[in-house]
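Here is structure_20.tsv, consisting of TSV, C-alpha atoms:
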```
chain	number	residue	atom	x	y	z
A	12	MET	CA	-19.79	0.80	18.28
A	13	ALA	CA	-16.39	-0.75	17.68
A	14	TYR	CA	-15.08	-3.00	20.42
A	15	LYS	CA	-13.45	-0.73	23.02
A	16	THR	CA	-10.94	-2.11	25.47
A	17	THR	CA	-11.48	-1.32	29.15
A	18	ALA	CA	-8.68	-0.57	31.59
A	19	GLY	CA	-8.69	-4.21	32.70
A	20	GLU	CA	-8.68	-5.59	29.16
A	21	ARG	CA	-5.85	-3.61	27.60
A	22	ASP	CA	-3.36	-6.27	28.58
A	23	GLN	CA	-5.44	-8.97	26.89
A	24	ASP	CA	-4.59	-10.28	23.46
A	25	LEU	CA	-6.15	-8.56	20.48
A	26	CYS	CA	-8.21	-10.91	18.31
A	27	ILE	CA	-7.04	-10.53	14.71
A	28	ALA	CA	-8.45	-11.80	11.42
A	29	PHE	CA	-6.58	-11.89	8.12
A	30	ILE	CA	-8.61	-11.41	4.97
A	31	GLY	CA	-6.46	-12.80	2.20
A	32	ALA	CA	-3.97	-15.64	2.57
A	33	GLY	CA	-1.52	-14.31	0.00
A	34	ALA	CA	1.95	-12.81	0.11
A	35	VAL	CA	1.09	-9.38	1.49
A	36	ASN	CA	-0.34	-10.95	4.65
A	37	PHE	CA	1.79	-14.10	4.93
A	38	GLY	CA	4.88	-13.58	2.79
A	39	GLY	CA	6.00	-15.98	0.08
A	40	SER	CA	8.25	-16.38	-2.90
A	41	GLU	CA	7.31	-13.12	-4.61
A	42	ASN	CA	9.47	-10.02	-4.68
A	43	GLY	CA	9.18	-7.68	-1.77
A	44	PRO	CA	9.54	-7.45	2.00
A	45	TRP	CA	5.84	-7.54	2.84
A	46	ASP	CA	4.58	-10.11	5.33
A	47	HIS	CA	2.19	-8.75	7.96
A	48	ALA	CA	1.76	-12.03	9.83
A	49	SER	CA	5.44	-12.52	10.65
A	50	ARG	CA	5.67	-9.00	12.00
A	51	LEU	CA	2.55	-9.42	14.13
A	52	GLU	CA	3.99	-12.66	15.47
A	53	SER	CA	6.95	-10.68	16.82
A	54	MET	CA	4.64	-8.43	18.83
A	55	ASP	CA	3.07	-9.19	22.19
A	56	GLY	CA	-0.64	-9.41	22.78
A	57	VAL	CA	-2.14	-10.70	19.52
A	58	ARG	CA	-4.06	-13.83	18.57
A	59	VAL	CA	-5.05	-14.76	15.03
A	60	VAL	CA	-8.58	-16.15	15.14
A	61	ALA	CA	-9.48	-16.24	11.44
A	62	ILE	CA	-8.06	-16.45	7.93
A	63	VAL	CA	-10.53	-15.63	5.15
A	64	ASP	CA	-9.76	-16.65	1.59
A	65	PRO	CA	-11.86	-18.24	-1.17
A	66	VAL	CA	-8.96	-20.57	-1.96
A	67	VAL	CA	-9.54	-22.62	1.17
A	68	ASP	CA	-6.78	-25.15	0.53
A	69	LYS	CA	-4.24	-22.35	0.29
A	70	ALA	CA	-5.51	-20.77	3.52
A	71	LYS	CA	-5.38	-24.12	5.31
A	72	GLN	CA	-1.82	-24.65	4.13
A	73	VAL	CA	-0.87	-21.22	5.45
A	74	LEU	CA	-2.45	-22.05	8.80
A	75	GLU	CA	-0.77	-25.46	8.94
A	76	THR	CA	2.61	-23.85	8.32
A	77	ARG	CA	2.00	-21.33	11.09
A	78	LEU	CA	0.85	-24.05	13.51
A	79	SER	CA	4.14	-25.88	12.98
A	80	SER	CA	6.24	-22.80	13.79
A	81	ILE	CA	7.57	-21.43	17.08
A	82	THR	CA	4.67	-18.94	17.14
A	83	ALA	CA	2.01	-21.66	16.87
A	84	HIS	CA	0.31	-20.49	20.07
A	85	ILE	CA	-0.89	-17.36	18.27
A	86	TYR	CA	-2.93	-19.52	15.86
A	87	ARG	CA	-4.36	-22.16	18.20
A	88	GLN	CA	-7.89	-20.75	17.90
A	89	CYS	CA	-7.66	-19.82	14.22
A	90	VAL	CA	-10.41	-20.93	11.83
A	91	VAL	CA	-10.35	-20.77	8.04
A	92	TYR	CA	-13.37	-19.25	6.29
A	93	SER	CA	-14.10	-19.28	2.58
A	94	SER	CA	-15.86	-15.92	2.35
A	95	ILE	CA	-16.50	-12.69	4.18
A	96	ASP	CA	-20.17	-13.72	4.49
A	97	THR	CA	-19.29	-16.93	6.30
A	98	PHE	CA	-16.71	-15.20	8.48
A	99	LEU	CA	-19.06	-12.45	9.64
A	100	SER	CA	-22.06	-14.73	10.19
A	101	GLU	CA	-20.19	-17.48	12.04
A	102	THR	CA	-18.34	-15.06	14.30
A	103	GLU	CA	-21.43	-13.00	15.14
A	104	GLY	CA	-21.27	-12.16	18.83
A	105	GLU	CA	-17.59	-13.08	19.09
A	106	ARG	CA	-14.88	-10.55	19.76
A	107	ILE	CA	-12.95	-9.61	16.62
A	108	ASP	CA	-10.83	-6.55	17.32
A	109	ALA	CA	-9.25	-5.94	13.91
A	110	VAL	CA	-8.93	-7.24	10.37
A	111	PHE	CA	-5.95	-7.06	8.06
A	112	ILE	CA	-7.18	-6.82	4.49
A	113	GLY	CA	-4.66	-7.84	1.85
A	114	VAL	CA	-6.48	-8.85	-1.32
A	115	PRO	CA	-6.33	-7.78	-4.99
A	116	PRO	CA	-8.05	-4.42	-5.60
A	117	LEU	CA	-10.73	-6.09	-7.72
A	118	SER	CA	-12.00	-7.84	-4.57
A	119	HIS	CA	-12.70	-4.83	-2.37
A	120	GLY	CA	-13.27	-1.09	-2.33
A	121	SER	CA	-16.64	-0.89	-4.08
A	122	LEU	CA	-20.34	-1.27	-3.36
A	123	ARG	CA	-20.20	-4.50	-5.36
A	124	HIS	CA	-17.34	-5.81	-3.21
A	125	PRO	CA	-17.75	-3.91	0.08
A	126	LEU	CA	-15.34	-6.07	2.04
A	127	GLU	CA	-13.88	-3.43	4.38
A	128	LEU	CA	-17.22	-1.65	4.68
A	129	ARG	CA	-18.92	-4.76	6.04
A	130	CYS	CA	-16.20	-5.24	8.63
A	131	ILE	CA	-16.45	-1.62	9.74
A	132	GLN	CA	-20.26	-1.83	9.90
A	133	ARG	CA	-19.73	-4.75	12.28
A	134	GLY	CA	-17.55	-2.48	14.43
A	135	ILE	CA	-14.21	-4.08	13.53
A	136	HIS	CA	-11.12	-1.90	13.17
A	137	ALA	CA	-9.45	-2.30	9.77
A	138	PHE	CA	-5.98	-2.19	8.29
A	139	ILE	CA	-6.30	-2.06	4.50
A	140	GLU	CA	-3.57	-2.54	1.95
A	141	LYS	CA	-3.38	-0.21	-1.02
A	142	PRO	CA	-4.70	0.32	-3.59
A	143	LEU	CA	-8.10	1.14	-2.17
A	144	SER	CA	-10.07	0.05	-5.20
A	145	LEU	CA	-10.13	-0.52	-8.93
A	146	ILE	CA	-13.23	1.39	-9.98
A	147	PRO	CA	-13.31	4.91	-11.48
A	148	PHE	CA	-12.99	7.54	-8.78
A	149	SER	CA	-16.37	9.03	-9.69
A	150	GLU	CA	-17.91	5.72	-8.60
A	151	PHE	CA	-15.55	5.28	-5.66
A	152	GLU	CA	-16.70	8.56	-4.09
A	153	GLU	CA	-20.07	7.05	-3.12
A	154	TYR	CA	-18.31	4.10	-1.50
A	155	LEU	CA	-15.93	6.44	0.31
A	156	GLU	CA	-18.80	8.45	1.73
A	157	THR	CA	-20.63	5.30	2.87
A	158	LEU	CA	-17.53	3.88	4.51
A	159	GLU	CA	-16.63	7.13	6.26
A	160	THR	CA	-20.16	7.40	7.63
A	161	ALA	CA	-19.93	3.85	9.00
A	162	ARG	CA	-16.47	4.50	10.44
A	163	ARG	CA	-17.68	7.54	12.35
A	164	GLU	CA	-20.84	5.83	13.57
A	165	ARG	CA	-19.02	2.71	14.77
A	166	GLY	CA	-15.95	4.52	16.08
A	167	CYS	CA	-13.51	2.37	14.11
A	168	CYS	CA	-9.84	3.00	13.49
A	169	VAL	CA	-8.93	2.54	9.82
A	170	SER	CA	-5.36	2.55	8.51
A	171	VAL	CA	-4.17	2.24	4.91
A	172	GLY	CA	-0.78	0.69	4.13
A	173	TYR	CA	1.17	3.64	2.81
A	174	VAL	CA	4.21	2.29	4.59
A	175	PHE	CA	6.78	4.90	3.55
A	176	ARG	CA	5.02	7.46	5.73
A	177	TYR	CA	6.35	5.54	8.74
A	178	HIS	CA	9.95	5.41	7.51
A	179	SER	CA	12.57	7.25	9.56
A	180	GLY	CA	14.08	8.58	6.33
A	181	VAL	CA	10.82	10.23	5.36
A	182	LYS	CA	10.43	11.62	8.88
A	183	LYS	CA	13.93	13.06	8.62
A	184	MET	CA	13.06	14.67	5.28
A	185	ARG	CA	10.00	16.32	6.80
A	186	GLU	CA	12.09	17.52	9.74
A	187	LEU	CA	14.75	19.09	7.52
A	188	MET	CA	12.15	20.60	5.21
A	189	ALA	CA	10.29	22.16	8.15
A	190	ALA	CA	13.52	23.60	9.51
A	191	ARG	CA	14.15	25.21	6.14
A	192	SER	CA	10.84	27.04	6.43
A	193	GLY	CA	10.66	27.59	2.70
A	194	VAL	CA	8.51	26.40	-0.16
A	195	VAL	CA	9.30	23.23	-2.10
A	196	MET	CA	10.29	23.98	-5.68
A	197	ALA	CA	10.29	20.48	-7.20
A	198	TYR	CA	9.55	16.85	-6.41
A	199	LYS	CA	10.80	13.93	-8.48
A	200	CYS	CA	10.11	10.24	-7.89
A	201	GLN	CA	10.86	6.97	-9.60
A	202	TYR	CA	9.68	3.41	-9.02
A	203	TYR	CA	11.51	0.74	-11.01
A	204	CYS	CA	9.86	-2.68	-10.80
A	205	SER	CA	11.87	-5.89	-11.09
A	206	TYR	CA	9.49	-7.98	-13.15
A	207	SER	CA	11.35	-11.20	-14.01
A	208	ARG	CA	10.05	-12.96	-10.89
A	209	MET	CA	6.60	-11.38	-10.94
A	210	VAL	CA	4.51	-14.55	-10.97
A	211	GLN	CA	1.04	-13.24	-10.14
A	212	PRO	CA	-1.09	-13.23	-13.34
A	213	PHE	CA	-3.43	-10.52	-12.02
A	214	PHE	CA	-0.57	-7.98	-11.93
A	215	TRP	CA	-0.22	-8.13	-15.73
A	216	ASP	CA	-3.91	-7.52	-16.37
A	217	ILE	CA	-4.80	-3.87	-15.92
A	218	SER	CA	-8.47	-4.77	-15.49
A	219	LEU	CA	-7.54	-6.80	-12.38
A	220	SER	CA	-4.65	-4.82	-10.89
A	221	GLY	CA	-5.48	-1.26	-11.90
A	222	GLY	CA	-2.12	-0.92	-13.62
A	223	PRO	CA	1.38	-0.25	-12.27
A	224	VAL	CA	0.78	3.32	-11.13
A	225	VAL	CA	-2.32	2.42	-9.10
A	226	GLU	CA	-0.73	-0.80	-7.84
A	227	GLN	CA	2.95	0.13	-7.31
A	228	ALA	CA	3.93	3.74	-7.98
A	229	THR	CA	1.09	4.76	-5.68
A	230	HIS	CA	3.67	4.71	-2.85
A	231	VAL	CA	5.81	7.49	-4.36
A	232	CYS	CA	2.71	9.36	-5.54
A	233	ASP	CA	1.51	9.29	-1.95
A	234	LEU	CA	4.83	10.72	-0.76
A	235	ALA	CA	4.35	13.58	-3.22
A	236	ARG	CA	1.26	14.59	-1.28
A	237	TYR	CA	2.79	13.77	2.13
A	238	LEU	CA	6.00	15.73	1.57
A	239	VAL	CA	4.90	18.59	-0.69
A	240	GLY	CA	1.12	18.98	-0.65
A	241	GLU	CA	-1.95	18.53	-2.81
A	242	ILE	CA	-1.76	18.33	-6.58
A	243	GLU	CA	-3.54	20.42	-9.20
A	244	LEU	CA	-5.11	17.39	-10.82
A	245	ASP	CA	-6.03	19.27	-13.99
A	246	SER	CA	-2.32	19.83	-14.60
A	247	VAL	CA	-1.38	16.11	-14.75
A	248	ARG	CA	0.07	14.97	-18.07
A	249	SER	CA	1.38	11.45	-18.75
A	250	HIS	CA	2.91	9.28	-21.45
A	251	VAL	CA	3.40	5.52	-21.57
A	252	VAL	CA	5.37	2.87	-23.39
A	253	SER	CA	2.71	0.30	-24.25
A	254	ALA	CA	3.14	-3.47	-24.27
A	255	ASP	CA	2.63	-3.58	-28.05
A	256	GLU	CA	5.32	-1.03	-28.87
A	257	PRO	CA	8.87	-2.13	-29.76
A	258	ALA	CA	10.22	-0.49	-26.60
A	259	GLY	CA	7.66	-2.41	-24.56
A	260	GLN	CA	8.78	-5.94	-25.42
A	261	LEU	CA	9.99	-7.83	-22.34
A	262	VAL	CA	12.37	-10.77	-22.57
A	263	ALA	CA	12.51	-12.08	-18.98
A	264	LYS	CA	8.89	-12.88	-18.15
A	265	GLN	CA	8.18	-16.22	-16.47
A	266	PRO	CA	6.91	-18.70	-19.10
A	267	ASN	CA	3.39	-18.84	-17.70
A	268	ILE	CA	3.27	-15.05	-17.40
A	269	HIS	CA	4.50	-14.66	-20.98
A	270	ASP	CA	1.51	-16.67	-22.18
A	271	VAL	CA	-0.91	-14.81	-19.91
A	272	ASP	CA	0.39	-11.42	-21.03
A	273	LEU	CA	0.22	-12.19	-24.76
A	274	ALA	CA	-3.28	-13.63	-24.43
A	275	LEU	CA	-4.65	-10.37	-23.03
A	276	SER	CA	-6.33	-7.83	-25.27
A	277	PRO	CA	-4.15	-4.74	-25.90
A	278	SER	CA	-6.35	-2.62	-23.62
A	279	LYS	CA	-5.68	-4.98	-20.70
A	280	ARG	CA	-1.90	-5.27	-21.01
A	281	ILE	CA	-0.09	-3.05	-18.54
A	282	PRO	CA	2.20	-0.26	-19.79
A	283	ARG	CA	5.92	-0.92	-19.44
A	284	VAL	CA	6.80	2.71	-18.71
A	285	THR	CA	4.70	5.56	-17.35
A	286	ALA	CA	6.10	9.10	-17.20
A	287	SER	CA	4.02	11.85	-15.63
A	288	HIS	CA	4.39	15.48	-14.55
A	289	TRP	CA	2.17	17.95	-12.74
A	290	LYS	CA	1.91	21.16	-10.70
A	291	PHE	CA	1.29	21.26	-6.97
A	292	ARG	CA	-1.17	23.73	-5.53
A	293	ASN	CA	1.72	25.58	-3.86
A	294	GLY	CA	3.30	26.15	-7.29
A	295	ALA	CA	5.97	23.45	-7.19
A	296	VAL	CA	6.39	21.02	-10.07
A	297	GLY	CA	6.40	17.25	-9.76
A	298	SER	CA	7.32	14.28	-11.91
A	299	MET	CA	7.10	10.50	-11.70
A	300	LEU	CA	8.66	7.67	-13.70
A	301	HIS	CA	7.56	4.06	-13.31
A	302	THR	CA	9.17	1.23	-15.28
A	303	ILE	CA	8.72	-2.50	-15.63
A	304	ALA	CA	12.23	-3.26	-16.86
A	305	LEU	CA	14.56	-4.59	-14.16
A	306	HIS	CA	15.45	-8.27	-13.77
A	307	GLY	CA	16.14	-10.14	-10.53
A	308	ARG	CA	14.47	-9.40	-7.20
A	309	ARG	CA	15.48	-5.90	-6.17
A	310	TYR	CA	13.26	-2.95	-6.94
A	311	GLU	CA	14.70	0.57	-7.12
A	312	VAL	CA	12.76	3.46	-5.60
A	313	GLU	CA	13.84	7.07	-5.20
A	314	VAL	CA	12.22	10.34	-4.20
A	315	GLU	CA	13.82	13.76	-4.42
A	316	VAL	CA	12.79	17.13	-3.03
A	317	ILE	CA	14.33	20.43	-4.11
A	318	MET	CA	14.07	23.62	-2.06
A	319	ASP	CA	16.02	26.86	-2.24
A	320	GLY	CA	19.45	25.79	-0.95
A	321	LEU	CA	18.43	22.22	-0.11
A	322	ARG	CA	18.32	18.94	-2.01
A	323	LEU	CA	17.07	15.75	-0.34
A	324	THR	CA	17.28	12.37	-2.08
A	325	LEU	CA	15.88	9.22	-0.47
A	326	THR	CA	16.75	5.91	-2.14
A	327	ASP	CA	15.24	2.44	-1.64
A	328	PRO	CA	13.10	3.13	1.45
A	329	HIS	CA	11.74	-0.42	1.27
A	330	SER	CA	15.14	-1.98	1.96
A	331	SER	CA	17.86	-2.06	4.63
A	332	GLU	CA	20.14	-0.27	2.13
A	333	CYS	CA	18.03	2.88	2.29
A	334	GLU	CA	19.95	6.15	2.28
A	335	LEU	CA	19.00	9.80	2.60
A	336	ARG	CA	21.48	12.17	0.93
A	337	VAL	CA	21.12	15.84	1.83
A	338	ARG	CA	22.97	18.68	0.15
A	339	PHE	CA	22.89	21.94	2.09
A	340	ASP	CA	23.47	25.50	0.84
A	341	ASP	CA	27.16	25.53	1.85
A	342	ASP	CA	28.02	22.57	-0.41
A	343	ARG	CA	28.00	20.31	2.64
A	344	VAL	CA	26.54	16.84	2.06
A	345	ALA	CA	25.11	14.65	4.82
A	346	LEU	CA	24.33	10.97	4.38
A	347	TYR	CA	21.84	9.19	6.65
A	348	LYS	CA	21.47	5.42	6.69
A	349	PHE	CA	18.76	3.22	8.19
A	350	PRO	CA	20.14	-0.36	8.33
A	351	SER	CA	17.69	-1.66	10.92
A	352	GLU	CA	14.62	0.19	9.66
A	353	ASP	CA	11.35	-1.74	9.32
A	354	PRO	CA	8.58	0.71	8.39
A	355	TYR	CA	6.20	-2.22	7.85
A	356	LYS	CA	6.44	-3.13	11.51
A	357	ALA	CA	6.15	0.52	12.48
A	358	GLU	CA	2.86	0.95	10.61
A	359	LEU	CA	1.42	-2.23	12.15
A	360	SER	CA	2.50	-1.13	15.63
A	361	ALA	CA	0.82	2.23	15.11
A	362	PHE	CA	-2.39	0.54	14.02
A	363	LEU	CA	-2.47	-1.89	16.95
A	364	ARG	CA	-1.78	0.97	19.34
A	365	ALA	CA	-4.72	2.84	17.83
A	366	VAL	CA	-6.96	-0.22	18.27
A	367	ARG	CA	-5.91	-0.68	21.91
A	368	THR	CA	-6.40	2.98	22.81
A	369	ASN	CA	-9.29	3.79	20.47
A	370	ASN	CA	-7.21	6.71	19.26
A	371	SER	CA	-6.22	7.12	15.60
A	372	GLU	CA	-3.73	9.96	16.08
A	373	GLY	CA	-0.72	7.71	15.42
A	374	ILE	CA	-2.09	6.46	12.09
A	375	ALA	CA	-0.25	8.28	9.31
A	376	SER	CA	-2.63	7.34	6.48
A	377	SER	CA	-6.36	7.38	7.09
A	378	TYR	CA	-8.85	6.01	4.58
A	379	LEU	CA	-10.06	9.50	3.72
A	380	ASP	CA	-6.53	10.73	3.07
A	381	ALA	CA	-5.56	7.59	1.14
A	382	ALA	CA	-8.54	8.20	-1.14
A	383	LYS	CA	-6.82	11.39	-2.35
A	384	THR	CA	-3.78	9.37	-3.38
A	385	TYR	CA	-6.04	6.86	-5.13
A	386	LYS	CA	-7.65	9.70	-7.07
A	387	PHE	CA	-4.22	11.07	-8.01
A	388	THR	CA	-3.00	7.72	-9.37
A	389	LYS	CA	-6.22	7.22	-11.32
A	390	VAL	CA	-5.77	10.64	-12.89
A	391	ILE	CA	-2.21	9.75	-13.90
A	392	SER	CA	-3.34	6.46	-15.44
A	393	ASP	CA	-6.30	8.02	-17.23
A	394	SER	CA	-4.12	10.88	-18.48
A	395	ALA	CA	-1.73	8.36	-20.01
A	396	LEU	CA	-4.54	6.54	-21.76
A	397	THR	CA	-5.98	9.78	-23.10
A	398	THR	CA	-2.59	10.92	-24.39
A	399	LYS	CA	-2.06	7.59	-26.16
A	400	THR	CA	-5.52	7.72	-27.74
A	401	ASN	CA	-4.93	11.22	-29.05
```
Output the file's structure as structure tokens, nothing else.
Amino acid sequence: MAYKTTAGERDQDLCIAFIGAGAVNFGGSENGPWDHASRLESMDGVRVVAIVDPVVDKAKQVLETRLSSITAHIYRQCVVYSSIDTFLSETEGERIDAVFIGVPPLSHGSLRHPLELRCIQRGIHAFIEKPLSLIPFSEFEEYLETLETARRERGCCVSVGYVFRYHSGVKKMRELMAARSGVVMAYKCQYYCSYSRMVQPFFWDISLSGGPVVEQATHVCDLARYLVGEIELDSVRSHVVSADEPAGQLVAKQPNIHDVDLALSPSKRIPRVTASHWKFRNGAVGSMLHTIALHGRRYEVEVEVIMDGLRLTLTDPHSSECELRVRFDDDRVALYKFPSEDPYKAELSAFLRAVRTNNSEGIASSYLDAAKTYKFTKVISDSALTTKTN
């Protein structure tokens, strides 16, 4: 079974391991507000006992930086491991309460790379960053079944990082939609990536990242399911602007990325634009637009829900400038702002609370539910490829 805290132990520190020493776990120079470690450091009752990354020098540098900070005490017992095998074997018999898995999708989520599965089989609770995998969903289903069986047998809490589900703006949307007691008519979402500072080579290789819908637009695709309901997957239709088309030429790539991108075979270069539309099972229509076009650091994200007499538009839920604009049926418009919102911290708090109480009710995105979003994004991506081929 997973480690279960007793009444006398619930005030003890949780023993945490990070798998992946990159930006999602430890922040860095890349675009985006993600940085799980810094948020955990602001919470009481945690100790980081391991960092696992095959690039050992990078992991050691991360640890050294943390040990020289004001939160050094959290890392006093931390050890760097080069692989999941070494980590699990050398900590056998030791208390590891939870792992935070933030690695490229190529490195986990399959029977060939069963990183999270092995932790769960050990009885360790797991927080897993999206996307869940890279493999075709038909192959992923076997892995999903194996992991879910292990999770039930070991009693583990598993949370997937669909962070917008924890945002107060999204909660307000759900509240207003429920009060309306009607059926959603339409859902529209857009995710505009700022690419000029995108320095990770793997992002530009669809065989390593899964492509921009699986890797990035997955957040707004997940909100489609969370706000409206399940999708009729057979209805999904998509179009792309490919890297080799005139409209797909990018002028602001970093020099090293420019070379990496051009060296890839056409089938591996990520599309610059993906436009998709579909029907929900409840009859509503949905659409999504993802672009790799903006320069600078700031992404632009927006989701919109239309009901009879109600329009809700949420902009930039990843930033402190997030706004929810609501138009009611009497022409009245309400504007909600969330200047101090940190949904990343909220999702981590919910996960740690689940670990401490052995109760997953506060987790908004389970592995089983997140798998449905993964399937949806794979269908969008595959639909685009099929449309282009035809």
Revision key, fill the gap. Atom CA of A:Ile112 to atom CA of A:Glu150 measures 21.1 Å
**Study point:** Minimum-distance residue to A:Val171, chosen among A:Asp255, A:Glu313, A:Asp233, A:Asp340 (using all atoms listed in the file)
**Key:** A:Asp233
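Reported to one decimal place, the separation of atom CA of A:Ser218 from atom CA of A:Asp393 is 13.1 Å.
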Check your understanding: Quick one: distance from atom CA of A:Ile30 to atom CA of A:Arg236 in Å, one decimal?
Key ->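 Straight-line distance from atom CA of A:Ile30 to atom CA of A:Arg236 works out to 28.5 Å.
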Study note, to complete from the structure: Nearest to A:Lys71, restricted to all atoms listed in the file and choosing among A:Ser94, A:Ala32, A:Thr102, A:Asp341, comes out as A:Ala32
Practice item. Measuring atom to atom with all atoms listed in the file, identify which of A:His136, A:Lys183, A:Arg338, A:Arg87 is nearest to A:Gly166. Key: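 With all atoms listed in the file as the atom set, the closest residue is A:His136.
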Per residue of stretch 55-134 of chain A within 10 Å of stretch 349-372 of chain A, record the nearest atom pair and its distance in Å to one decimal, counting only C-alpha atoms, with rows in chain order and ascending residue number, as a tab-separated table.
```
residue	atom	partner	partner_atom	distance
A:Gly56	CA	A:Leu363	CA	9.7
A:Val57	CA	A:Leu363	CA	9.2
A:Asp108	CA	A:Val366	CA	7.5
A:Ala109	CA	A:Val366	CA	7.5
A:Phe111	CA	A:Leu359	CA	9.7
```
Limited to C-alpha atoms, could you put the picked residues into a file as a tab-separated table (two decimals), in the coordinates of the input?
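Listed below is the output, selection.tsv:
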```tsv
chain	number	residue	atom	x	y	z
A	56	GLY	CA	-0.64	-9.41	22.78
A	57	VAL	CA	-2.14	-10.70	19.52
A	108	ASP	CA	-10.83	-6.55	17.32
A	109	ALA	CA	-9.25	-5.94	13.91
A	111	PHE	CA	-5.95	-7.06	8.06
```
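With all atoms listed in the file taken into account, the protein and nucleic acid residues at most 12 Å from A:Pro65 (excluding it and anything under 6 positions from it in its own chain) are Ile30, Gly31, Ala32, Gly33, Lys71, Val91, Tyr92, Ser93, Ser94, Ile95, Asp96, Thr97, Phe98, Val114 and Ser118 of chain A.
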Convert the current residue selection to file output with C-alpha atoms, as a PDB file, in the frame of the given file.
```pdb
ATOM      1  CA  ILE A  30      -8.610 -11.410   4.970  1.00  0.00           C
ATOM      2  CA  GLY A  31      -6.460 -12.800   2.200  1.00  0.00           C
ATOM      3  CA  ALA A  32      -3.970 -15.640   2.570  1.00  0.00           C
ATOM      4  CA  GLY A  33      -1.520 -14.310   0.000  1.00  0.00           C
ATOM      5  CA  LYS A  71      -5.380 -24.120   5.310  1.00  0.00           C
ATOM      6  CA  VAL A  91     -10.350 -20.770   8.040  1.00  0.00           C
ATOM      7  CA  TYR A  92     -13.370 -19.250   6.290  1.00  0.00           C
ATOM      8  CA  SER A  93     -14.100 -19.280   2.580  1.00  0.00           C
ATOM      9  CA  SER A  94     -15.860 -15.920   2.350  1.00  0.00           C
ATOM     10  CA  ILE A  95     -16.500 -12.690   4.180  1.00  0.00           C
ATOM     11  CA  ASP A  96     -20.170 -13.720   4.490  1.00  0.00           C
ATOM     12  CA  THR A  97     -19.290 -16.930   6.300  1.00  0.00           C
ATOM     13  CA  PHE A  98     -16.710 -15.200   8.480  1.00  0.00           C
ATOM     14  CA  VAL A 114      -6.480  -8.850  -1.320  1.00  0.00           C
ATOM     15  CA  SER A 118     -12.000  -7.840  -4.570  1.00  0.00           C
TER      16      SER A 118
END
```
Mind dumping a table of every stretch 206-238 of chain A residue within 9 Å of stretch 281-302 of chain A, with the nearest atom pair and its distance in Å to one decimal, using only C-alpha atoms, sorted by chain and rising number, as JSON lines?
```
{"residue": "A:Phe214", "atom": "CA", "partner": "A:Ile281", "partner_atom": "CA", "distance": 8.3}
{"residue": "A:Trp215", "atom": "CA", "partner": "A:Ile281", "partner_atom": "CA", "distance": 5.8}
{"residue": "A:Asp216", "atom": "CA", "partner": "A:Ile281", "partner_atom": "CA", "distance": 6.3}
{"residue": "A:Ile217", "atom": "CA", "partner": "A:Ile281", "partner_atom": "CA", "distance": 5.5}
{"residue": "A:Gly221", "atom": "CA", "partner": "A:Ile281", "partner_atom": "CA", "distance": 8.7}
{"residue": "A:Gly222", "atom": "CA", "partner": "A:Ile281", "partner_atom": "CA", "distance": 5.7}
{"residue": "A:Pro223", "atom": "CA", "partner": "A:Ile281", "partner_atom": "CA", "distance": 7.0}
{"residue": "A:Val224", "atom": "CA", "partner": "A:His301", "partner_atom": "CA", "distance": 7.2}
{"residue": "A:Gln227", "atom": "CA", "partner": "A:His301", "partner_atom": "CA", "distance": 8.5}
{"residue": "A:Ala228", "atom": "CA", "partner": "A:His301", "partner_atom": "CA", "distance": 6.5}
{"residue": "A:Val231", "atom": "CA", "partner": "A:Met299", "partner_atom": "CA", "distance": 8.0}
{"residue": "A:Cys232", "atom": "CA", "partner": "A:Met299", "partner_atom": "CA", "distance": 7.6}
{"residue": "A:Ala235", "atom": "CA", "partner": "A:Gly297", "partner_atom": "CA", "distance": 7.8}
{"residue": "A:Arg236", "atom": "CA", "partner": "A:Phe291", "partner_atom": "CA", "distance": 8.8}
```
Write out the residues from the selection above, keeping C-alpha atoms, as a PDB file, in the frame of the given file.
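again-v6.pdb written:
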```pdb
ATOM      1  CA  PHE A 214      -0.570  -7.980 -11.930  1.00  0.00           C
ATOM      2  CA  TRP A 215      -0.220  -8.130 -15.730  1.00  0.00           C
ATOM      3  CA  ASP A 216      -3.910  -7.520 -16.370  1.00  0.00           C
ATOM      4  CA  ILE A 217      -4.800  -3.870 -15.920  1.00  0.00           C
ATOM      5  CA  GLY A 221      -5.480  -1.260 -11.900  1.00  0.00           C
ATOM      6  CA  GLY A 222      -2.120  -0.920 -13.620  1.00  0.00           C
ATOM      7  CA  PRO A 223       1.380  -0.250 -12.270  1.00  0.00           C
ATOM      8  CA  VAL A 224       0.780   3.320 -11.130  1.00  0.00           C
ATOM      9  CA  GLN A 227       2.950   0.130  -7.310  1.00  0.00           C
ATOM     10  CA  ALA A 228       3.930   3.740  -7.980  1.00  0.00           C
ATOM     11  CA  VAL A 231       5.810   7.490  -4.360  1.00  0.00           C
ATOM     12  CA  CYS A 232       2.710   9.360  -5.540  1.00  0.00           C
ATOM     13  CA  ALA A 235       4.350  13.580  -3.220  1.00  0.00           C
ATOM     14  CA  ARG A 236       1.260  14.590  -1.280  1.00  0.00           C
TER      15      ARG A 236
END
```
Review point. Quick one: of A:Val210, A:Val225, A:Leu335, A:Leu128, who's nearest to A:Phe148, counting only C-alpha atoms?
Key: A:Val225
Exercise for review: Fewer than 4 positions away in the same chain doesn't count, so skip those; otherwise give me all residues within 10 Å of stretch 263-272 of chain A, counting all atoms listed in the file, as a list of chain:residue names.
Suggested key: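 Near stretch 263-272 of chain A, the qualifying residues are A:Tyr206, A:Ser207, A:Arg208, A:Met209, A:Val210, A:Gln211, A:Pro212, A:Phe213, A:Phe214, A:Trp215, A:Asp216, A:Ala254, A:Ser276, A:Pro277, A:Lys279, A:Arg280, A:Ile281, A:Ala304, A:Leu305, A:His306, A:Gly307.
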